[in-house]
Amino acid sequence: MEYLDAIELNKVVDELVERWKGVVVPFYTNAPNSRVTYQSIGSGFVVLLGNEIYLATAHHVIDEINERMDRSGANGVISNICGTGCDLSGLKFEAIKSEDVAAAHLNREWADTKGIERVTPYNLNQDKSHLIRTEKYFVLGYPSSKNKLNEQLDKKDRHIFGYSFCAKKQQSEHTEIEGHEAFILDVDDMYSTEGEKRRPPNLDGVSGSPVFEIMCDLSNPGKAHFAVDLIGVFVEWRMKANEIVCSRIQNVVSCCLAHHMS
């Protein structure tokens, strides 16, 4: 641990964000009362479990998506999955409402109809037990204020942000989610990876994003290699309490497995 303590893990975050941003999926909803055509309402991420690929997110994000699609049809919500823009019609999400998680099976037939040729999922099958936990975390998502589509101006903003933190709480006193992890995150007291004090965008639109813990491999003496462990889905942000909550990844796995039991 002495070697780990000497490593400036903040400098590792940028590399890991670049490596894993491809698994994150933005959801855009039409905004008829706004100057923009579409605006981000949430995020999701692609995972591999067994031999199947799934799109995971927060249940409350899917509630909003369903409401928009009921109101506006297929074009009510659009997305971008691994570089391919598409609508979400035809996807069936299994959900655990009490844990605020949902997941849809991305089968080959559905992907073909949307023109999605390949995806780069996070592999839930991999064993991470040989890696060292650093107790440093980050969430990757698409904040609403930085992700807007304006067809009239041919403007298509797709900006992903990483928020890193390390203060983990025993549990949240506010959430009703049983299987959760809670962390302290004060957006007014954050720094860039270059060490400059900088306030990031609010976390609106980041709901449903993956929460990672930075892992370290010290099997090569004198040189650390870094990886991530997916620990959950970002589901709650309480700005006044400086708290974020994620629903544990085990809840996502349960949603994925539910597709084969329904």
# chains A, B, ... in the order shown; residues from 1 in each chain; ligands from 1

$ closest_atom_pairs --of "region 200-239 of chain A" --to "region 53-60 of chain A" --cutoff "9 Å" --atoms "only C-alpha atoms" --output "Markdown table"
| residue | atom | partner | partner_atom | distance |
| --- | --- | --- | --- | --- |
| A:Ser207 | CA | A:Ala58 | CA | 6.5 |
| A:Gly208 | CA | A:Thr57 | CA | 4.1 |
| A:Ser209 | CA | A:Thr57 | CA | 6.5 |
| A:Pro210 | CA | A:Thr57 | CA | 8.1 |
| A:Val233 | CA | A:Thr57 | CA | 6.7 |
| A:Phe234 | CA | A:Ala58 | CA | 7.4 |
| A:Val235 | CA | A:Ala58 | CA | 6.0 |

$ residues_around --residues "Asn51 (chain A)" --least-positions-apart "3" --cutoff "10 Å" --atoms "only C-alpha atoms" --output "MDAnalysis selection string"
chainID A and resid 48 123 125

$ write_last_selection --atoms "N, CA and C atoms" --output "JSON list (two decimals), in the first residue's frame"
[["chain", "number", "residue", "atom", "x", "y", "z"],
["A", 48, "LEU", "N", -21.33, -7.03, -20.88],
["A", 48, "LEU", "CA", -21.34, -8.42, -21.34],
["A", 48, "LEU", "C", -21.50, -9.32, -20.13],
["A", 123, "ASN", "N", -16.96, -6.12, -19.51],
["A", 123, "ASN", "CA", -17.09, -7.56, -19.32],
["A", 123, "ASN", "C", -17.32, -7.89, -17.85],
["A", 125, "ASN", "N", -17.91, -10.78, -16.77],
["A", 125, "ASN", "CA", -17.45, -12.15, -16.53],
["A", 125, "ASN", "C", -16.04, -12.22, -15.95]]

$ residues_around --residues "Ser172 (chain A)" --least-positions-apart "4" --cutoff "12 Å" --atoms "only C-alpha atoms" --output "MDAnalysis selection string"
chainID A and resid 168 176:184 236:238 241:247

$ residues_around --residues "Asn251 (chain A)" --least-positions-apart "3" --cutoff "7 Å" --atoms "only C-alpha atoms" --output "PyMOL selection string"
chain A and resi 99+101+247-248+254-255

$ atom_distance --atom1 "CA of Arg198 (chain A)" --atom2 "CA of His159 (chain A)"
16.8 Å

$ residues_around --residues "Gly50 (chain A)" --least-positions-apart "5" --cutoff "12 Å" --atoms "only C-alpha atoms" --output "PDB file with C-alpha atoms, in the first residue's frame"
ATOM      1  CA  PRO A 121     -19.161  -3.711 -23.548  1.00  0.00           C
ATOM      2  CA  TYR A 122     -17.716  -3.882 -20.061  1.00  0.00           C
ATOM      3  CA  ASN A 123     -17.091  -7.559 -19.322  1.00  0.00           C
ATOM      4  CA  LEU A 124     -18.877  -8.644 -16.148  1.00  0.00           C
ATOM      5  CA  ASN A 125     -17.455 -12.152 -16.527  1.00  0.00           C
ATOM      6  CA  GLN A 126     -13.883 -11.170 -15.670  1.00  0.00           C
ATOM      7  CA  VAL A 253     -26.932  -8.658 -12.970  1.00  0.00           C
ATOM      8  CA  CYS A 256     -30.009  -9.118 -16.980  1.00  0.00           C
ATOM      9  CA  LEU A 257     -30.783 -12.633 -15.762  1.00  0.00           C
ATOM     10  CA  HIS A 260     -33.958 -15.378 -19.529  1.00  0.00           C
TER      11      HIS A 260
END

$ closest_residue --among "A:Glu15, A:Asp127, A:Glu196, A:Asp87" --to "Gly115 (chain A)" --atoms "only C-alpha atoms"
A:Asp87

$ atom_distance --atom1 "CA of Asn80 (chain A)" --atom2 "CA of Asp63 (chain A)"
18.8 Å

$ select_by_dssp --residues "region 115-224 of chain A" --states "strand (DSSP E or B)" --output "PDB file with N, CA and C atoms, in the first residue's frame"
ATOM      1  N   TYR A 122     -18.505  -3.528 -21.242  1.00  0.00           N
ATOM      2  CA  TYR A 122     -17.716  -3.882 -20.061  1.00  0.00           C
ATOM      3  C   TYR A 122     -17.997  -5.349 -19.759  1.00  0.00           C
ATOM      4  N   ASN A 123     -16.959  -6.115 -19.514  1.00  0.00           N
ATOM      5  CA  ASN A 123     -17.091  -7.559 -19.322  1.00  0.00           C
ATOM      6  C   ASN A 123     -17.320  -7.892 -17.848  1.00  0.00           C
ATOM      7  N   ILE A 132      -5.798  -4.973  -6.751  1.00  0.00           N
ATOM      8  CA  ILE A 132      -5.864  -4.250  -5.476  1.00  0.00           C
ATOM      9  C   ILE A 132      -6.862  -3.096  -5.599  1.00  0.00           C
ATOM     10  N   ARG A 133      -7.761  -3.004  -4.638  1.00  0.00           N
ATOM     11  CA  ARG A 133      -8.718  -1.901  -4.621  1.00  0.00           C
ATOM     12  C   ARG A 133      -8.050  -0.637  -4.097  1.00  0.00           C
ATOM     13  N   THR A 134      -8.244   0.465  -4.805  1.00  0.00           N
ATOM     14  CA  THR A 134      -7.596   1.719  -4.418  1.00  0.00           C
ATOM     15  C   THR A 134      -8.496   2.629  -3.590  1.00  0.00           C
ATOM     16  N   GLU A 135      -9.801   2.314  -3.537  1.00  0.00           N
ATOM     17  CA  GLU A 135     -10.798   3.159  -2.869  1.00  0.00           C
ATOM     18  C   GLU A 135     -10.863   4.547  -3.505  1.00  0.00           C
ATOM     19  N   LYS A 136     -10.562   4.593  -4.799  1.00  0.00           N
ATOM     20  CA  LYS A 136     -10.753   5.786  -5.629  1.00  0.00           C
ATOM     21  C   LYS A 136     -11.781   5.436  -6.699  1.00  0.00           C
ATOM     22  N   TYR A 137     -12.740   6.339  -6.914  1.00  0.00           N
ATOM     23  CA  TYR A 137     -13.875   6.013  -7.768  1.00  0.00           C
ATOM     24  C   TYR A 137     -14.122   7.126  -8.791  1.00  0.00           C
ATOM     25  N   PHE A 138     -14.857   6.776  -9.856  1.00  0.00           N
ATOM     26  CA  PHE A 138     -15.333   7.813 -10.768  1.00  0.00           C
ATOM     27  C   PHE A 138     -16.594   7.340 -11.466  1.00  0.00           C
ATOM     28  N   VAL A 139     -17.433   8.315 -11.844  1.00  0.00           N
ATOM     29  CA  VAL A 139     -18.650   8.059 -12.597  1.00  0.00           C
ATOM     30  C   VAL A 139     -18.507   8.729 -13.953  1.00  0.00           C
ATOM     31  N   LEU A 140     -18.963   8.058 -15.002  1.00  0.00           N
ATOM     32  CA  LEU A 140     -18.854   8.550 -16.376  1.00  0.00           C
ATOM     33  C   LEU A 140     -20.246   8.744 -16.958  1.00  0.00           C
ATOM     34  N   GLY A 141     -20.559   9.980 -17.410  1.00  0.00           N
ATOM     35  CA  GLY A 141     -21.881  10.188 -17.980  1.00  0.00           C
ATOM     36  C   GLY A 141     -21.972  11.434 -18.833  1.00  0.00           C
ATOM     37  N   LYS A 148     -26.643  18.590 -26.102  1.00  0.00           N
ATOM     38  CA  LYS A 148     -27.856  19.065 -26.774  1.00  0.00           C
ATOM     39  C   LYS A 148     -27.699  18.895 -28.279  1.00  0.00           C
ATOM     40  N   LEU A 149     -28.810  18.563 -28.937  1.00  0.00           N
ATOM     41  CA  LEU A 149     -28.828  18.432 -30.386  1.00  0.00           C
ATOM     42  C   LEU A 149     -29.756  19.503 -30.953  1.00  0.00           C
ATOM     43  N   ASN A 150     -29.253  20.268 -31.910  1.00  0.00           N
ATOM     44  CA  ASN A 150     -30.048  21.304 -32.553  1.00  0.00           C
ATOM     45  C   ASN A 150     -30.024  21.065 -34.057  1.00  0.00           C
ATOM     46  N   LYS A 155     -26.148  21.190 -35.066  1.00  0.00           N
ATOM     47  CA  LYS A 155     -25.223  21.119 -33.928  1.00  0.00           C
ATOM     48  C   LYS A 155     -25.525  19.859 -33.127  1.00  0.00           C
ATOM     49  N   LYS A 156     -24.509  19.024 -32.937  1.00  0.00           N
ATOM     50  CA  LYS A 156     -24.691  17.760 -32.237  1.00  0.00           C
ATOM     51  C   LYS A 156     -23.626  17.630 -31.147  1.00  0.00           C
ATOM     52  N   PHE A 161     -18.363  13.322 -19.381  1.00  0.00           N
ATOM     53  CA  PHE A 161     -17.594  13.864 -18.263  1.00  0.00           C
ATOM     54  C   PHE A 161     -17.342  12.767 -17.236  1.00  0.00           C
ATOM     55  N   GLY A 162     -16.165  12.829 -16.615  1.00  0.00           N
ATOM     56  CA  GLY A 162     -15.833  11.932 -15.522  1.00  0.00           C
ATOM     57  C   GLY A 162     -15.761  12.720 -14.223  1.00  0.00           C
ATOM     58  N   TYR A 163     -16.397  12.217 -13.179  1.00  0.00           N
ATOM     59  CA  TYR A 163     -16.388  12.834 -11.854  1.00  0.00           C
ATOM     60  C   TYR A 163     -15.722  11.838 -10.909  1.00  0.00           C
ATOM     61  N   SER A 164     -14.591  12.216 -10.324  1.00  0.00           N
ATOM     62  CA  SER A 164     -13.882  11.285  -9.445  1.00  0.00           C
ATOM     63  C   SER A 164     -14.048  11.695  -7.984  1.00  0.00           C
ATOM     64  N   PHE A 165     -13.974  10.706  -7.106  1.00  0.00           N
ATOM     65  CA  PHE A 165     -14.196  10.939  -5.679  1.00  0.00           C
ATOM     66  C   PHE A 165     -13.610   9.764  -4.906  1.00  0.00           C
ATOM     67  N   LYS A 168     -16.030   7.413   0.656  1.00  0.00           N
ATOM     68  CA  LYS A 168     -17.156   6.480   0.683  1.00  0.00           C
ATOM     69  C   LYS A 168     -17.810   6.490   2.057  1.00  0.00           C
ATOM     70  N   LYS A 169     -19.138   6.483   2.076  1.00  0.00           N
ATOM     71  CA  LYS A 169     -19.890   6.478   3.323  1.00  0.00           C
ATOM     72  C   LYS A 169     -20.266   5.042   3.700  1.00  0.00           C
ATOM     73  N   HIS A 180     -27.082  -0.557  -1.979  1.00  0.00           N
ATOM     74  CA  HIS A 180     -26.486   0.671  -2.514  1.00  0.00           C
ATOM     75  C   HIS A 180     -25.099   0.932  -1.934  1.00  0.00           C
ATOM     76  N   GLU A 181     -24.380   1.813  -2.611  1.00  0.00           N
ATOM     77  CA  GLU A 181     -23.148   2.410  -2.099  1.00  0.00           C
ATOM     78  C   GLU A 181     -23.344   3.924  -2.132  1.00  0.00           C
ATOM     79  N   ALA A 182     -22.809   4.615  -1.141  1.00  0.00           N
ATOM     80  CA  ALA A 182     -22.967   6.068  -1.062  1.00  0.00           C
ATOM     81  C   ALA A 182     -21.603   6.732  -0.917  1.00  0.00           C
ATOM     82  N   PHE A 183     -21.484   7.922  -1.505  1.00  0.00           N
ATOM     83  CA  PHE A 183     -20.214   8.646  -1.525  1.00  0.00           C
ATOM     84  C   PHE A 183     -20.463  10.138  -1.294  1.00  0.00           C
ATOM     85  N   ILE A 184     -19.434  10.809  -0.832  1.00  0.00           N
ATOM     86  CA  ILE A 184     -19.478  12.263  -0.688  1.00  0.00           C
ATOM     87  C   ILE A 184     -18.909  12.885  -1.953  1.00  0.00           C
ATOM     88  N   TYR A 191     -11.631  19.479  -8.363  1.00  0.00           N
ATOM     89  CA  TYR A 191     -10.438  19.902  -9.075  1.00  0.00           C
ATOM     90  C   TYR A 191     -10.291  19.092 -10.359  1.00  0.00           C
ATOM     91  N   LYS A 197      -8.708  24.101  -9.445  1.00  0.00           N
ATOM     92  CA  LYS A 197     -10.056  24.057  -8.895  1.00  0.00           C
ATOM     93  C   LYS A 197     -11.034  24.417 -10.002  1.00  0.00           C
ATOM     94  N   PRO A 210     -22.353   4.407 -15.340  1.00  0.00           N
ATOM     95  CA  PRO A 210     -21.584   3.440 -14.552  1.00  0.00           C
ATOM     96  C   PRO A 210     -20.706   4.132 -13.510  1.00  0.00           C
ATOM     97  N   VAL A 211     -20.590   3.494 -12.354  1.00  0.00           N
ATOM     98  CA  VAL A 211     -19.668   3.943 -11.302  1.00  0.00           C
ATOM     99  C   VAL A 211     -18.557   2.906 -11.200  1.00  0.00           C
ATOM    100  N   PHE A 212     -17.323   3.366 -11.367  1.00  0.00           N
ATOM    101  CA  PHE A 212     -16.167   2.476 -11.365  1.00  0.00           C
ATOM    102  C   PHE A 212     -15.282   2.715 -10.146  1.00  0.00           C
ATOM    103  N   GLU A 213     -14.634   1.660  -9.692  1.00  0.00           N
ATOM    104  CA  GLU A 213     -13.529   1.807  -8.747  1.00  0.00           C
ATOM    105  C   GLU A 213     -12.231   1.539  -9.498  1.00  0.00           C
ATOM    106  N   ILE A 214     -11.219   2.371  -9.253  1.00  0.00           N
ATOM    107  CA  ILE A 214      -9.913   2.171  -9.869  1.00  0.00           C
ATOM    108  C   ILE A 214      -9.212   1.004  -9.176  1.00  0.00           C
ATOM    109  N   MET A 215      -8.735   0.069  -9.971  1.00  0.00           N
ATOM    110  CA  MET A 215      -8.041  -1.115  -9.466  1.00  0.00           C
ATOM    111  C   MET A 215      -6.589  -1.076  -9.911  1.00  0.00           C
ATOM    112  N   CYS A 216      -5.724  -1.708  -9.133  1.00  0.00           N
ATOM    113  CA  CYS A 216      -4.293  -1.667  -9.423  1.00  0.00           C
ATOM    114  C   CYS A 216      -3.714  -3.075  -9.480  1.00  0.00           C
ATOM    115  N   ASP A 217      -2.872  -3.289 -10.482  1.00  0.00           N
ATOM    116  CA  ASP A 217      -2.173  -4.569 -10.648  1.00  0.00           C
ATOM    117  C   ASP A 217      -0.689  -4.328 -10.400  1.00  0.00           C
TER     118      ASP A 217
END

$ atom_distance --atom1 "CA of Met261 (chain A)" --atom2 "CA of Ile78 (chain A)"
28.1 Å

$ residues_around --residues "Glu52 (chain A)" --least-positions-apart "5" --cutoff "10 Å" --atoms "only C-alpha atoms" --output "list of chain:residue names"
A:Val47, A:His105, A:Leu106, A:Asn107, A:Arg108, A:Cys256

$ residues_around --residues "Gly42 (chain A)" --least-positions-apart "5" --cutoff "6 Å" --atoms "only C-alpha atoms" --output "number ranges by chain"
A: 27, 205-207
